[in-house]
file upload.tsv (TSV, C-alpha atoms and all ligand atoms)
chain	number	residue	atom	x	y	z
A	1	MET	CA	-6.40	-20.35	-29.97
A	2	SER	CA	-9.23	-20.14	-27.42
A	3	ARG	CA	-10.75	-16.79	-26.66
A	4	PHE	CA	-9.64	-15.16	-23.43
A	5	SER	CA	-10.98	-12.05	-21.74
A	6	LEU	CA	-9.53	-8.61	-22.38
A	7	ARG	CA	-9.24	-8.02	-18.66
A	8	SER	CA	-6.74	-10.88	-18.35
A	9	ASP	CA	-4.71	-9.58	-21.32
A	10	PHE	CA	-1.79	-8.01	-19.46
A	11	SER	CA	1.51	-7.21	-21.16
A	12	ARG	CA	4.18	-9.79	-20.42
A	13	THR	CA	7.00	-8.04	-22.29
A	14	PRO	CA	9.84	-7.33	-19.84
A	15	ASN	CA	10.91	-3.66	-19.69
A	16	PRO	CA	14.57	-2.73	-20.43
A	17	LEU	CA	15.35	-2.55	-16.72
A	18	ALA	CA	14.02	-6.07	-16.05
A	19	GLU	CA	16.01	-7.34	-19.03
A	20	ALA	CA	19.24	-5.70	-17.85
A	21	LEU	CA	18.68	-7.12	-14.35
A	22	ALA	CA	18.07	-10.64	-15.68
A	23	GLY	CA	21.31	-10.31	-17.70
A	24	LEU	CA	23.35	-9.36	-14.61
A	25	ARG	CA	21.85	-12.16	-12.55
A	26	ALA	CA	22.56	-14.66	-15.33
A	27	GLN	CA	26.22	-13.58	-15.22
A	28	GLY	CA	26.28	-14.16	-11.45
A	29	LEU	CA	26.53	-10.39	-10.79
A	30	PRO	CA	23.45	-9.56	-8.71
A	31	PRO	CA	23.29	-5.82	-7.88
A	32	LEU	CA	22.78	-4.30	-4.44
A	33	ASP	CA	18.99	-4.40	-4.35
A	34	LEU	CA	17.39	-1.15	-3.18
A	35	THR	CA	13.93	-2.31	-4.28
A	36	VAL	CA	13.34	-5.04	-1.67
A	37	SER	CA	9.77	-4.96	-0.42
A	38	ASN	CA	9.40	-8.44	1.10
A	39	PRO	CA	9.62	-7.94	4.89
A	40	THR	CA	10.33	-11.63	5.47
A	41	ARG	CA	13.67	-11.50	3.60
A	42	VAL	CA	15.48	-8.56	5.22
A	43	GLY	CA	16.44	-9.89	8.65
A	44	LEU	CA	13.57	-8.41	10.72
A	45	PRO	CA	12.09	-10.32	13.69
A	46	ALA	CA	9.49	-13.01	12.96
A	47	PRO	CA	6.97	-14.33	15.51
A	48	ASP	CA	7.51	-17.61	17.31
A	49	ALA	CA	6.55	-20.33	14.80
A	50	GLY	CA	4.50	-22.01	17.57
A	51	ALA	CA	1.89	-19.29	16.96
A	52	LEU	CA	0.97	-21.11	13.77
A	53	HIS	CA	-0.09	-24.32	15.47
A	54	PRO	CA	-3.06	-23.11	17.48
A	55	PRO	CA	-5.39	-25.65	19.09
A	56	GLY	CA	-8.38	-26.23	16.79
A	57	ALA	CA	-6.41	-25.45	13.60
A	58	PHE	CA	-8.12	-28.28	11.72
A	59	ASP	CA	-11.63	-27.26	12.69
A	60	TYR	CA	-13.52	-25.88	9.69
A	61	ALA	CA	-15.25	-22.74	10.89
A	62	PRO	CA	-17.17	-21.21	7.99
A	63	GLU	CA	-17.85	-17.76	9.48
A	64	ALA	CA	-17.95	-15.59	6.35
A	65	LEU	CA	-16.87	-12.29	7.95
A	66	GLY	CA	-14.22	-14.01	10.08
A	67	LEU	CA	-14.15	-15.85	13.42
A	68	PRO	CA	-15.50	-13.65	16.23
A	69	SER	CA	-12.24	-14.19	18.17
A	70	ALA	CA	-10.18	-12.99	15.19
A	71	ARG	CA	-12.39	-9.93	14.58
A	72	GLU	CA	-12.11	-9.13	18.29
A	73	ALA	CA	-8.29	-9.44	18.01
A	74	VAL	CA	-8.29	-6.84	15.19
A	75	ALA	CA	-10.60	-4.55	17.19
A	76	GLY	CA	-8.22	-4.93	20.17
A	77	TYR	CA	-5.26	-4.06	17.97
A	78	LEU	CA	-7.00	-0.93	16.67
A	79	ARG	CA	-7.96	-0.04	20.27
A	80	SER	CA	-4.29	-0.28	21.24
A	81	ARG	CA	-3.61	2.32	18.53
A	82	GLY	CA	-6.29	4.65	19.94
A	83	THR	CA	-9.21	3.73	17.64
A	84	ALA	CA	-12.40	2.29	19.16
A	85	VAL	CA	-14.41	0.16	16.71
A	86	SER	CA	-16.96	-2.61	17.03
A	87	PRO	CA	-15.72	-6.06	15.90
A	88	GLU	CA	-19.13	-6.36	14.19
A	89	HIS	CA	-17.98	-3.74	11.68
A	90	LEU	CA	-14.83	-5.65	10.72
A	91	VAL	CA	-14.52	-8.01	7.76
A	92	LEU	CA	-11.59	-10.41	7.39
A	93	SER	CA	-10.20	-11.38	3.97
A	94	ALA	CA	-7.10	-13.18	2.70
A	95	SER	CA	-5.25	-9.88	2.00
A	96	THR	CA	-5.78	-6.20	1.39
A	97	SER	CA	-5.66	-7.00	-2.32
A	98	GLU	CA	-8.60	-9.38	-1.89
A	99	SER	CA	-10.47	-6.72	0.12
A	100	TYR	CA	-10.15	-4.39	-2.88
A	101	GLY	CA	-11.60	-7.07	-5.16
A	102	TRP	CA	-14.59	-7.50	-2.82
A	103	LEU	CA	-15.10	-3.73	-2.59
A	104	PHE	CA	-15.07	-3.27	-6.35
A	105	LYS	CA	-17.71	-6.02	-6.60
A	106	LEU	CA	-19.72	-4.31	-3.87
A	107	LEU	CA	-19.56	-0.78	-5.27
A	108	CYS	CA	-19.19	-0.98	-9.06
A	109	GLU	CA	-21.00	-2.23	-12.12
A	110	PRO	CA	-18.71	-3.41	-14.94
A	111	GLY	CA	-17.42	-0.28	-16.68
A	112	ASP	CA	-17.76	1.98	-13.61
A	113	ASP	CA	-14.62	3.65	-12.31
A	114	VAL	CA	-12.78	4.45	-9.09
A	115	LEU	CA	-10.37	7.33	-8.48
A	116	VAL	CA	-6.80	6.45	-7.54
A	117	PRO	CA	-4.00	8.80	-6.51
A	118	ALA	CA	-0.97	9.54	-8.67
A	119	PRO	CA	1.74	8.92	-7.74
A	120	CYS	CA	1.01	5.63	-6.01
A	121	TYR	CA	1.92	1.96	-5.81
A	122	PRO	CA	0.97	0.29	-9.12
A	123	LEU	CA	-1.56	-2.27	-7.87
A	124	PHE	CA	-4.96	-0.70	-8.27
A	125	GLU	CA	-5.24	-0.62	-12.04
A	126	HIS	CA	-4.75	-4.40	-12.08
A	127	LEU	CA	-7.10	-5.11	-9.18
A	128	ALA	CA	-9.80	-2.90	-10.72
A	129	ARG	CA	-9.39	-4.25	-14.21
A	130	LEU	CA	-9.77	-7.83	-12.99
A	131	GLU	CA	-13.22	-6.79	-11.67
A	132	ALA	CA	-14.07	-5.07	-15.01
A	133	VAL	CA	-13.69	-1.68	-13.32
A	134	GLN	CA	-11.66	1.27	-14.66
A	135	THR	CA	-9.35	3.60	-12.75
A	136	ARG	CA	-9.06	7.36	-13.16
A	137	SER	CA	-6.14	9.24	-11.59
A	138	TYR	CA	-6.19	12.33	-9.43
A	139	ARG	CA	-2.89	14.13	-8.90
A	140	LEU	CA	-1.24	14.51	-5.53
A	141	PRO	CA	0.58	17.79	-6.14
A	142	LEU	CA	4.31	17.77	-5.45
A	143	ALA	CA	3.96	21.43	-4.50
A	144	HIS	CA	1.84	20.25	-1.50
A	145	GLY	CA	4.34	17.55	-0.56
A	146	PHE	CA	2.07	14.99	-2.31
A	147	GLY	CA	-0.79	15.97	0.01
A	148	LEU	CA	-4.40	15.41	-1.01
A	149	ASP	CA	-6.04	18.30	-2.88
A	150	ALA	CA	-9.85	17.83	-2.88
A	151	GLY	CA	-10.04	20.11	-5.96
A	152	GLU	CA	-7.92	17.60	-7.90
A	153	VAL	CA	-10.23	14.77	-6.75
A	154	GLU	CA	-13.34	16.65	-7.88
A	155	ALA	CA	-11.74	17.59	-11.22
A	156	ALA	CA	-10.94	13.90	-11.91
A	157	LEU	CA	-14.53	12.65	-11.34
A	158	GLY	CA	-16.46	11.16	-14.23
A	159	PRO	CA	-20.15	10.23	-14.64
A	160	ARG	CA	-19.45	6.62	-13.60
A	161	THR	CA	-17.11	7.24	-10.66
A	162	ARG	CA	-18.22	5.24	-7.61
A	163	ALA	CA	-15.41	5.55	-5.09
A	164	VAL	CA	-12.26	7.45	-4.16
A	165	LEU	CA	-9.20	5.54	-3.01
A	166	ILE	CA	-6.68	7.13	-0.68
A	167	ILE	CA	-3.41	5.59	0.49
A	168	ASN	CA	-2.58	6.89	3.98
A	169	PRO	CA	0.34	7.35	4.31
A	170	GLY	CA	1.12	7.35	0.61
A	171	ASN	CA	3.23	4.60	-0.91
A	172	PRO	CA	5.92	5.59	-1.89
A	173	THR	CA	5.44	9.29	-1.00
A	174	GLY	CA	5.18	8.82	2.79
A	175	HIS	CA	2.68	11.68	3.14
A	176	PHE	CA	0.01	11.31	5.88
A	177	LEU	CA	-3.51	12.59	5.30
A	178	HIS	CA	-4.32	15.69	7.38
A	179	GLU	CA	-7.59	16.54	9.13
A	180	GLY	CA	-8.30	19.47	6.78
A	181	GLU	CA	-7.66	17.29	3.71
A	182	LEU	CA	-10.08	14.63	5.01
A	183	ALA	CA	-12.79	17.22	5.75
A	184	ALA	CA	-12.55	18.60	2.18
A	185	LEU	CA	-12.53	15.06	0.72
A	186	ALA	CA	-15.58	14.03	2.80
A	187	ASP	CA	-17.45	17.01	1.37
A	188	VAL	CA	-16.63	15.94	-2.23
A	189	CYS	CA	-17.64	12.31	-1.47
A	190	ALA	CA	-20.94	13.35	0.13
A	191	ARG	CA	-21.88	15.74	-2.70
A	192	HIS	CA	-21.12	13.16	-5.40
A	193	ARG	CA	-22.38	10.08	-3.48
A	194	LEU	CA	-18.97	8.38	-3.52
A	195	ALA	CA	-17.62	5.76	-1.13
A	196	LEU	CA	-14.19	6.28	0.43
A	197	ILE	CA	-11.66	3.41	0.38
A	198	SER	CA	-8.79	4.23	2.73
A	199	ASP	CA	-5.71	2.05	2.44
A	200	GLU	CA	-3.99	2.24	5.82
A	201	VAL	CA	-1.48	-0.58	5.47
A	202	PHE	CA	1.43	1.75	6.35
A	203	ALA	CA	-0.38	3.76	9.06
A	204	ASP	CA	1.73	2.22	11.83
A	205	TYR	CA	4.92	3.49	10.21
A	206	ALA	CA	5.06	7.19	11.11
A	207	TRP	CA	8.72	8.12	11.56
A	208	ALA	CA	7.91	10.71	14.24
A	209	PRO	CA	4.68	11.87	15.90
A	210	ALA	CA	3.00	15.05	14.60
A	211	PRO	CA	-0.34	16.74	15.31
A	212	GLY	CA	-3.21	16.97	12.80
A	213	ARG	CA	-2.58	13.66	11.04
A	214	VAL	CA	-5.38	11.21	10.23
A	215	MET	CA	-4.13	7.75	11.25
A	216	THR	CA	-7.34	5.94	10.18
A	217	VAL	CA	-10.83	6.84	9.01
A	218	ALA	CA	-12.24	3.92	11.07
A	219	GLY	CA	-14.50	4.94	13.94
A	220	ARG	CA	-15.20	8.47	12.60
A	221	ALA	CA	-18.62	9.95	11.89
A	222	LEU	CA	-18.26	10.60	8.14
A	223	PRO	CA	-21.12	11.29	5.72
A	224	MET	CA	-20.20	8.60	3.15
A	225	PRO	CA	-19.61	4.82	3.33
A	226	THR	CA	-15.99	4.27	4.38
A	227	PHE	CA	-13.77	1.22	4.14
A	228	SER	CA	-10.45	1.23	6.06
A	229	LEU	CA	-8.08	-1.47	4.85
A	230	SER	CA	-5.07	-3.10	6.44
A	231	GLY	CA	-3.65	-6.54	7.13
A	232	LEU	CA	-0.85	-8.71	8.42
A	233	SER	CA	1.39	-8.08	5.38
A	234	LYS	CA	2.51	-4.68	6.60
A	235	VAL	CA	1.24	-4.54	10.21
A	236	ALA	CA	3.27	-7.60	11.26
A	237	GLY	CA	5.48	-8.14	8.16
A	238	LEU	CA	3.71	-11.43	7.39
A	239	PRO	CA	2.41	-11.31	3.78
A	240	GLY	CA	2.65	-15.09	3.43
A	241	LEU	CA	0.06	-15.75	6.14
A	242	LYS	CA	-2.69	-14.21	4.01
A	243	LEU	CA	-4.89	-12.23	6.34
A	244	GLY	CA	-6.30	-8.76	5.74
A	245	TRP	CA	-9.15	-6.79	7.27
A	246	MET	CA	-11.41	-3.87	6.57
A	247	HIS	CA	-13.45	-1.69	8.85
A	248	VAL	CA	-16.79	-0.62	7.39
A	249	GLY	CA	-18.10	2.77	8.53
A	250	GLY	CA	-20.22	5.73	7.48
A	251	PRO	CA	-23.98	6.35	7.90
A	252	ASP	CA	-25.60	3.43	9.77
A	253	ALA	CA	-27.99	2.25	7.05
A	254	ALA	CA	-25.33	2.27	4.30
A	255	ARG	CA	-22.81	0.59	6.64
A	256	ASP	CA	-25.23	-2.21	7.55
A	257	GLU	CA	-26.20	-2.79	3.93
A	258	ALA	CA	-22.51	-2.89	2.92
A	259	LEU	CA	-21.75	-5.41	5.69
A	260	ALA	CA	-24.65	-7.66	4.66
A	261	ARG	CA	-23.51	-7.63	1.04
A	262	LEU	CA	-19.86	-8.18	1.95
A	263	GLU	CA	-20.90	-11.16	4.05
A	264	TRP	CA	-22.48	-12.65	0.96
A	265	VAL	CA	-19.36	-11.97	-1.16
A	266	ALA	CA	-17.09	-13.41	1.55
A	267	ASP	CA	-19.35	-16.45	1.96
A	268	THR	CA	-18.95	-17.21	-1.74
A	269	TYR	CA	-15.17	-17.62	-1.30
A	270	LEU	CA	-14.58	-18.41	2.40
A	271	SER	CA	-10.93	-17.66	1.67
A	272	VAL	CA	-9.46	-16.92	5.10
A	273	ALA	CA	-7.81	-20.01	6.58
A	274	THR	CA	-8.78	-21.09	10.09
A	275	PRO	CA	-5.20	-21.49	11.51
A	276	VAL	CA	-4.23	-17.88	10.80
A	277	GLN	CA	-7.48	-16.61	12.32
A	278	LEU	CA	-6.89	-18.64	15.49
A	279	ALA	CA	-3.27	-17.44	15.60
A	280	LEU	CA	-4.22	-13.79	15.12
A	281	PRO	CA	-4.06	-12.66	18.78
A	282	ARG	CA	-0.48	-13.97	19.04
A	283	LEU	CA	0.52	-12.60	15.64
A	284	LEU	CA	-0.84	-9.15	16.50
A	285	ALA	CA	0.93	-9.27	19.89
A	286	HIS	CA	4.17	-9.67	17.90
A	287	ALA	CA	3.39	-6.71	15.58
A	288	PRO	CA	4.90	-3.98	17.84
A	289	VAL	CA	8.22	-5.91	18.00
A	290	PHE	CA	8.38	-6.09	14.20
A	291	GLN	CA	7.29	-2.47	13.78
A	292	GLN	CA	9.91	-1.18	16.21
A	293	ALA	CA	12.72	-3.05	14.42
A	294	LEU	CA	11.47	-1.91	11.02
A	295	LEU	CA	11.21	1.73	12.10
A	296	GLU	CA	14.78	1.65	13.43
A	297	ARG	CA	15.94	0.22	10.09
A	298	VAL	CA	14.05	2.77	8.02
A	299	ARG	CA	15.13	5.77	10.11
A	300	ALA	CA	18.79	4.69	10.03
A	301	ASN	CA	18.81	4.11	6.25
A	302	ARG	CA	17.15	7.46	5.68
A	303	GLU	CA	19.77	9.20	7.80
A	304	HIS	CA	22.59	7.49	5.87
A	305	LEU	CA	20.99	8.65	2.64
A	306	ALA	CA	20.60	12.26	3.82
A	307	ARG	CA	24.22	12.32	4.99
A	308	ALA	CA	25.48	10.90	1.68
A	309	ARG	CA	23.99	13.79	-0.33
A	310	PRO	CA	26.84	16.19	-1.14
A	311	PRO	CA	26.11	19.89	-0.53
A	312	GLY	CA	24.86	21.53	-3.73
A	313	ALA	CA	23.91	18.18	-5.34
A	314	THR	CA	21.46	18.37	-8.25
A	315	TRP	CA	19.30	15.69	-6.64
A	316	ASP	CA	17.20	15.74	-3.45
A	317	VAL	CA	15.66	13.32	-1.00
A	318	LEU	CA	12.02	14.48	-0.91
A	319	PRO	CA	10.53	15.22	2.52
A	320	ALA	CA	8.28	12.44	3.88
A	321	HIS	CA	6.84	11.40	7.23
A	322	GLY	CA	6.41	7.64	7.13
A	323	GLY	CA	6.35	4.38	5.17
A	324	TRP	CA	9.08	2.12	3.85
A	325	SER	CA	10.50	4.16	0.93
A	326	ALA	CA	12.56	7.20	0.02
A	327	VAL	CA	11.82	9.26	-3.09
A	328	LEU	CA	14.67	11.06	-4.84
A	329	ARG	CA	14.08	13.92	-7.26
A	330	ILE	CA	16.80	13.78	-9.92
A	331	PRO	CA	17.69	15.94	-12.94
A	332	ARG	CA	15.30	15.41	-15.89
A	333	GLU	CA	18.23	14.38	-18.11
A	334	PRO	CA	19.15	11.66	-19.01
A	335	GLY	CA	15.71	10.39	-17.84
A	336	GLU	CA	14.55	7.92	-15.18
A	337	GLU	CA	15.14	4.77	-17.17
A	338	ALA	CA	18.60	5.79	-18.42
A	339	MET	CA	19.51	6.69	-14.84
A	340	CYS	CA	18.29	3.33	-13.51
A	341	LEU	CA	20.28	1.53	-16.22
A	342	ALA	CA	23.42	3.54	-15.37
A	343	LEU	CA	22.94	2.72	-11.70
A	344	LEU	CA	22.46	-0.94	-12.52
A	345	GLU	CA	25.74	-0.87	-14.44
A	346	ALA	CA	27.32	0.54	-11.26
A	347	GLY	CA	25.80	-2.37	-9.30
A	348	VAL	CA	22.74	-0.72	-7.70
A	349	LEU	CA	19.09	-1.55	-8.40
A	350	VAL	CA	16.47	1.18	-7.79
A	351	GLN	CA	13.00	1.84	-9.21
A	352	PRO	CA	12.16	4.60	-11.69
A	353	GLY	CA	9.40	7.07	-10.75
A	354	TYR	CA	7.29	6.05	-13.74
A	355	PHE	CA	6.55	2.69	-12.04
A	356	TYR	CA	4.52	4.82	-9.61
A	357	ASP	CA	3.09	7.32	-12.11
A	358	PHE	CA	5.00	10.29	-10.70
A	359	GLY	CA	4.92	12.72	-13.62
A	360	GLY	CA	6.12	16.34	-13.42
A	361	GLY	CA	9.87	15.66	-13.20
A	362	ALA	CA	12.21	12.71	-12.78
A	363	PHE	CA	12.23	10.54	-9.66
A	364	LEU	CA	13.75	7.38	-8.22
A	365	VAL	CA	12.30	5.21	-5.46
A	366	LEU	CA	14.54	3.42	-2.93
A	367	SER	CA	13.45	0.83	-0.40
A	368	LEU	CA	14.41	1.76	3.16
A	369	LEU	CA	13.82	-1.88	4.17
A	370	THR	CA	17.16	-2.80	2.58
A	371	PRO	CA	19.57	-4.45	5.08
A	372	PRO	CA	21.89	-1.66	6.30
A	373	GLU	CA	25.10	-3.23	4.96
A	374	ASP	CA	23.67	-3.27	1.41
A	375	PHE	CA	22.13	0.18	1.77
A	376	ILE	CA	25.38	1.74	2.97
A	377	ALA	CA	27.44	-0.09	0.30
A	378	ALA	CA	25.10	1.28	-2.39
A	379	LEU	CA	25.50	4.93	-1.38
A	380	ALA	CA	28.93	5.55	-2.96
A	381	PRO	CA	27.96	4.27	-6.46
A	382	LEU	CA	24.56	5.97	-6.12
A	383	THR	CA	25.98	9.41	-5.34
A	384	ARG	CA	28.70	9.00	-8.00
A	385	VAL	CA	26.24	8.14	-10.80
A	386	LEU	CA	23.70	10.79	-9.72
A	387	GLY	CA	26.47	13.38	-9.43
A	388	ALA	CA	27.69	12.63	-12.96
A	389	ALA	CA	24.18	13.42	-14.30
A	390	GLY	CA	24.08	16.91	-12.80
A	401	LIG	C1	-0.47	0.58	-0.44
A	401	LIG	C2	-0.61	-0.92	-0.54
A	401	LIG	N1	-1.81	-1.48	-0.36
A	401	LIG	C3	-1.98	-2.81	-0.43
A	401	LIG	C4	-0.92	-3.66	-0.66
A	401	LIG	C5	-1.18	-5.15	-0.73
A	401	LIG	O1	-1.18	-5.71	0.54
A	401	LIG	P1	-1.66	-7.23	0.77
A	401	LIG	O2	-0.43	-8.07	0.87
A	401	LIG	O3	-2.41	-7.18	2.08
A	401	LIG	O4	-2.54	-7.61	-0.36
A	401	LIG	C6	0.34	-3.12	-0.85
A	401	LIG	C7	1.50	-4.00	-1.11
A	401	LIG	O5	2.65	-3.60	-1.14
A	401	LIG	C8	0.51	-1.72	-0.78
A	401	LIG	O6	1.71	-1.14	-0.96
call {"tool": "encode", "arguments": {"input": "upload.tsv", "output": "structure tokens"}}
result
Amino acid sequence: MSRFSLRSDFSRTPNPLAEALAGLRAQGLPPLDLTVSNPTRVGLPAPDAGALHPPGAFDYAPEALGLPSAREAVAGYLRSRGTAVSPEHLVLSASTSESYGWLFKLLCEPGDDVLVPAPCYPLFEHLARLEAVQTRSYRLPLAHGFGLDAGEVEAALGPRTRAVLIINPGNPTGHFLHEGELAALADVCARHRLALISDEVFADYAWAPAPGRVMTVAGRALPMPTFSLSGLSKVAGLPGLKLGWMHVGGPDAARDEALARLEWVADTYLSVATPVQLALPRLLAHAPVFQQALLERVRANREHLARARPPGATWDVLPAHGGWSAVLRIPREPGEEAMCLALLEAGVLVQPGYFYDFGGGAFLVLSLLTPPEDFIAALAPLTRVLGAAG
């Protein structure tokens, strides 16, 4: 056998949940799926397909950081959300995931590490490892509603830590970063010469307005290099179109150096397709329509869930303020996996907390994107199985 790299040596053994699910599907008994995360498959509004046939689509425009018109469209979108940035400080990529890859190349030597929150969406370990970078976790304490504790960040630092990643609002916790948390984090970053990578893909999905929240770190005078990430996947529910962006900020000299280096990285790949860049103004004009429909869906499903919880139940829906998920805290026994298997037997698919590195108890994660008829149909078996565990 040829030799392959350790960083591409990922486990391909299916977990017991995946095996049980495959078994049910093979028998023609698909469960009600409360893990759906693909916004194109849940009946939410899509843009007019004509947007994808812009004039000039076949012109090859090798502008490494993105077409000026597309960067201006992103700046205009951010302006419409109350954030003034220069298009010159925006970099387009094929997705937020690709932006991470570019940032790890920009910031880290092989073997360096970046700090990632726990709990969080399980993407960063893979993205880092593919760039020969390690991850170290800092805890988001449940006692603070999964808010950021700068003391936890500082305690998690190692001698080779180069950057701190925040997910704002958290996925799946739905906690927004607060001004005081950002100020304390900026102090840690400045003292330890760390860059801040702020993943803001869910920032448009606050369930209700509230004061003191940080919606983006873009356009702020912060003492460390900052990278604010988002893209069409979540902003307009269009992951298949492959367009992400990052805003580069922080002290002027570091920002300009980062932009020059990112231009070189981007020029090596030239991965963003011309048609989607030309279509961007129309796609972003559609974003509010999609977001409104999604927010109505998410709020309604969350209300159904809250109403389905019997008084005195041994499980809770954890408080949250935004995003696409609900987190349930469940009794520690019989354990997350056993609970997910029991639910699957009752015809309902949910995710165990360990997928997201929760720790400190037992948790389940439910997708609030689920079409309402499936979500409502799942509530009776869900409450019955959870109730039996108490
Ligand atoms: C927090 C977070 N960041 C990034 C991504 C990846 O987004 P993209 O499709 O732009 O790569 C996801 C995907 O679900 C996510 O949950």
call {"tool": "closest_atom_pairs", "arguments": {"input": "upload.tsv", "of": "chain A", "to": "ligand LIG 401 (chain A)", "cutoff": "6 Å", "atoms": "all atoms listed in the file", "output": "JSON lines"}}
result
{"residue": "A:Ser95", "atom": "CA", "partner": "A:LIG401", "partner_atom": "O3", "distance": 3.9}
{"residue": "A:Thr96", "atom": "CA", "partner": "A:LIG401", "partner_atom": "O3", "distance": 3.6}
{"residue": "A:Ser97", "atom": "CA", "partner": "A:LIG401", "partner_atom": "O4", "distance": 3.7}
{"residue": "A:Tyr121", "atom": "CA", "partner": "A:LIG401", "partner_atom": "O6", "distance": 5.8}
{"residue": "A:Ile167", "atom": "CA", "partner": "A:LIG401", "partner_atom": "C1", "distance": 5.9}
{"residue": "A:Asn171", "atom": "CA", "partner": "A:LIG401", "partner_atom": "C1", "distance": 5.5}
{"residue": "A:Asp199", "atom": "CA", "partner": "A:LIG401", "partner_atom": "N1", "distance": 6.0}
{"residue": "A:Val201", "atom": "CA", "partner": "A:LIG401", "partner_atom": "N1", "distance": 5.9}
{"residue": "A:Gly231", "atom": "CA", "partner": "A:LIG401", "partner_atom": "O3", "distance": 5.2}
{"residue": "A:Ser233", "atom": "CA", "partner": "A:LIG401", "partner_atom": "O2", "distance": 4.9}
{"residue": "A:Pro239", "atom": "CA", "partner": "A:LIG401", "partner_atom": "O2", "distance": 5.2}
{"residue": "A:Gly244", "atom": "CA", "partner": "A:LIG401", "partner_atom": "O3", "distance": 5.6}
call {"tool": "write_last_selection", "arguments": {"input": "upload.tsv", "atoms": "C-alpha atoms", "output": "JSON list (two decimals), keeping the file's coordinate frame"}}
result
[["chain", "number", "residue", "atom", "x", "y", "z"],
["A", 95, "SER", "CA", -5.25, -9.88, 2.00],
["A", 96, "THR", "CA", -5.78, -6.20, 1.39],
["A", 97, "SER", "CA", -5.66, -7.00, -2.32],
["A", 121, "TYR", "CA", 1.92, 1.96, -5.81],
["A", 167, "ILE", "CA", -3.41, 5.59, 0.49],
["A", 171, "ASN", "CA", 3.23, 4.60, -0.91],
["A", 199, "ASP", "CA", -5.71, 2.05, 2.44],
["A", 201, "VAL", "CA", -1.48, -0.58, 5.47],
["A", 231, "GLY", "CA", -3.65, -6.54, 7.13],
["A", 233, "SER", "CA", 1.39, -8.08, 5.38],
["A", 239, "PRO", "CA", 2.41, -11.31, 3.78],
["A", 244, "GLY", "CA", -6.30, -8.76, 5.74]]
call {"tool": "closest_residue", "arguments": {"input": "upload.tsv", "among": "A:Leu123, A:Met215, A:Ala94, A:Leu115", "to": "Arg81 of chain A", "atoms": "all atoms listed in the file"}}
result
A:Met215
call {"tool": "residues_around", "arguments": {"input": "upload.tsv", "residues": "His178 of chain A", "least_positions_apart": "2", "cutoff": "6 Å", "atoms": "all atoms listed in the file", "output": "list in words"}}
result
Gly180, Glu181, Gly212, Arg213 and Val214 of chain A
call {"tool": "atom_distance", "arguments": {"input": "upload.tsv", "atom1": "atom CA of Glu200 of chain A", "atom2": "atom CA of Arg160 of chain A"}}
result
25.2 Å
call {"tool": "atom_distance", "arguments": {"input": "upload.tsv", "atom1": "atom CA of Glu131 of chain A", "atom2": "atom CA of Gly219 of chain A"}}
result
28.2 Å
call {"tool": "residues_near_point", "arguments": {"input": "upload.tsv", "point": "(-0.8, -8.8, 9.4)", "cutoff": "12 Å", "atoms": "all atoms listed in the file", "output": "VMD selection string"}}
result
chain A and resid 39 46 to 47 70 73 to 74 77 92 to 96 201 to 202 204 229 to 245 276 to 277 279 to 288 290 to 291
call {"tool": "atom_distance", "arguments": {"input": "upload.tsv", "atom1": "atom CA of Leu341 of chain A", "atom2": "atom CA of Leu369 of chain A"}}
result
21.7 Å
call {"tool": "axis_aligned_box", "arguments": {"input": "upload.tsv", "around": "segment 251-269 of chain A", "padding_each_side": "8 Å", "output": "lines of an AutoDock Vina configuration file"}}
result
center_x = -21.6
center_y = -5.6
center_z = 4.0
size_x = 28.8
size_y = 40.0
size_z = 27.5
call {"tool": "residues_near_point", "arguments": {"input": "upload.tsv", "point": "(-19.4, 13.3, 10.3)", "cutoff": "12 Å", "atoms": "only C-alpha atoms", "output": "list in words"}}
result
Leu182, Ala183, Ala184, Leu185, Ala186, Asp187, Cys189, Ala190, Val217, Ala218, Gly219, Arg220, Ala221, Leu222, Pro223, Met224, Pro225, Thr226, Gly249, Gly250, Pro251 and Asp252 of chain A
call {"tool": "closest_residue", "arguments": {"input": "upload.tsv", "among": "A:Arg71, A:Arg162, A:His175, A:His247", "to": "Arg193 of chain A", "atoms": "only C-alpha atoms"}}
result
A:Arg162
call {"tool": "closest_residue", "arguments": {"input": "upload.tsv", "among": "A:Ala260, A:Leu157, A:Ala306, A:Leu24", "to": "Ser137 of chain A", "atoms": "all atoms listed in the file"}}
result
A:Leu157
call {"tool": "closest_residue", "arguments": {"input": "upload.tsv", "among": "A:Arg309, A:Arg297, A:Arg302, A:Arg384", "to": "Leu44 of chain A", "atoms": "all atoms listed in the file"}}
result
A:Arg297
call {"tool": "residues_around", "arguments": {"input": "upload.tsv", "residues": "Arg332 of chain A", "least_positions_apart": "6", "cutoff": "9 Å", "atoms": "all atoms listed in the file", "output": "VMD selection string"}}
result
chain A and resid 361 to 363
call {"tool": "residues_around", "arguments": {"input": "upload.tsv", "residues": "His304 of chain A", "least_positions_apart": "3", "cutoff": "12 Å", "atoms": "only C-alpha atoms", "output": "PyMOL selection string"}}
result
chain A and resi 297-301+307-310+317+326+368+372-380+383
call {"tool": "residues_around", "arguments": {"input": "upload.tsv", "residues": "Glu125 of chain A", "least_positions_apart": "4", "cutoff": "12 Å", "atoms": "only C-alpha atoms", "output": "list in words"}}
result
Arg7, Phe10, Ser97, Tyr100, Gly101, Phe104, Asp113, Val114, Leu115, Val116, Pro117, Ala118, Cys120, Tyr121, Arg129, Leu130, Glu131, Ala132, Val133, Gln134, Thr135, Arg136, Ser137, Leu165, Tyr356 and Asp357 of chain A
call {"tool": "residues_around", "arguments": {"input": "upload.tsv", "residues": "Pro16 of chain A", "least_positions_apart": "5", "cutoff": "10 Å", "atoms": "only C-alpha atoms", "output": "list in words"}}
result
Leu21, Ala22, Glu337, Ala338, Cys340 and Leu341 of chain A
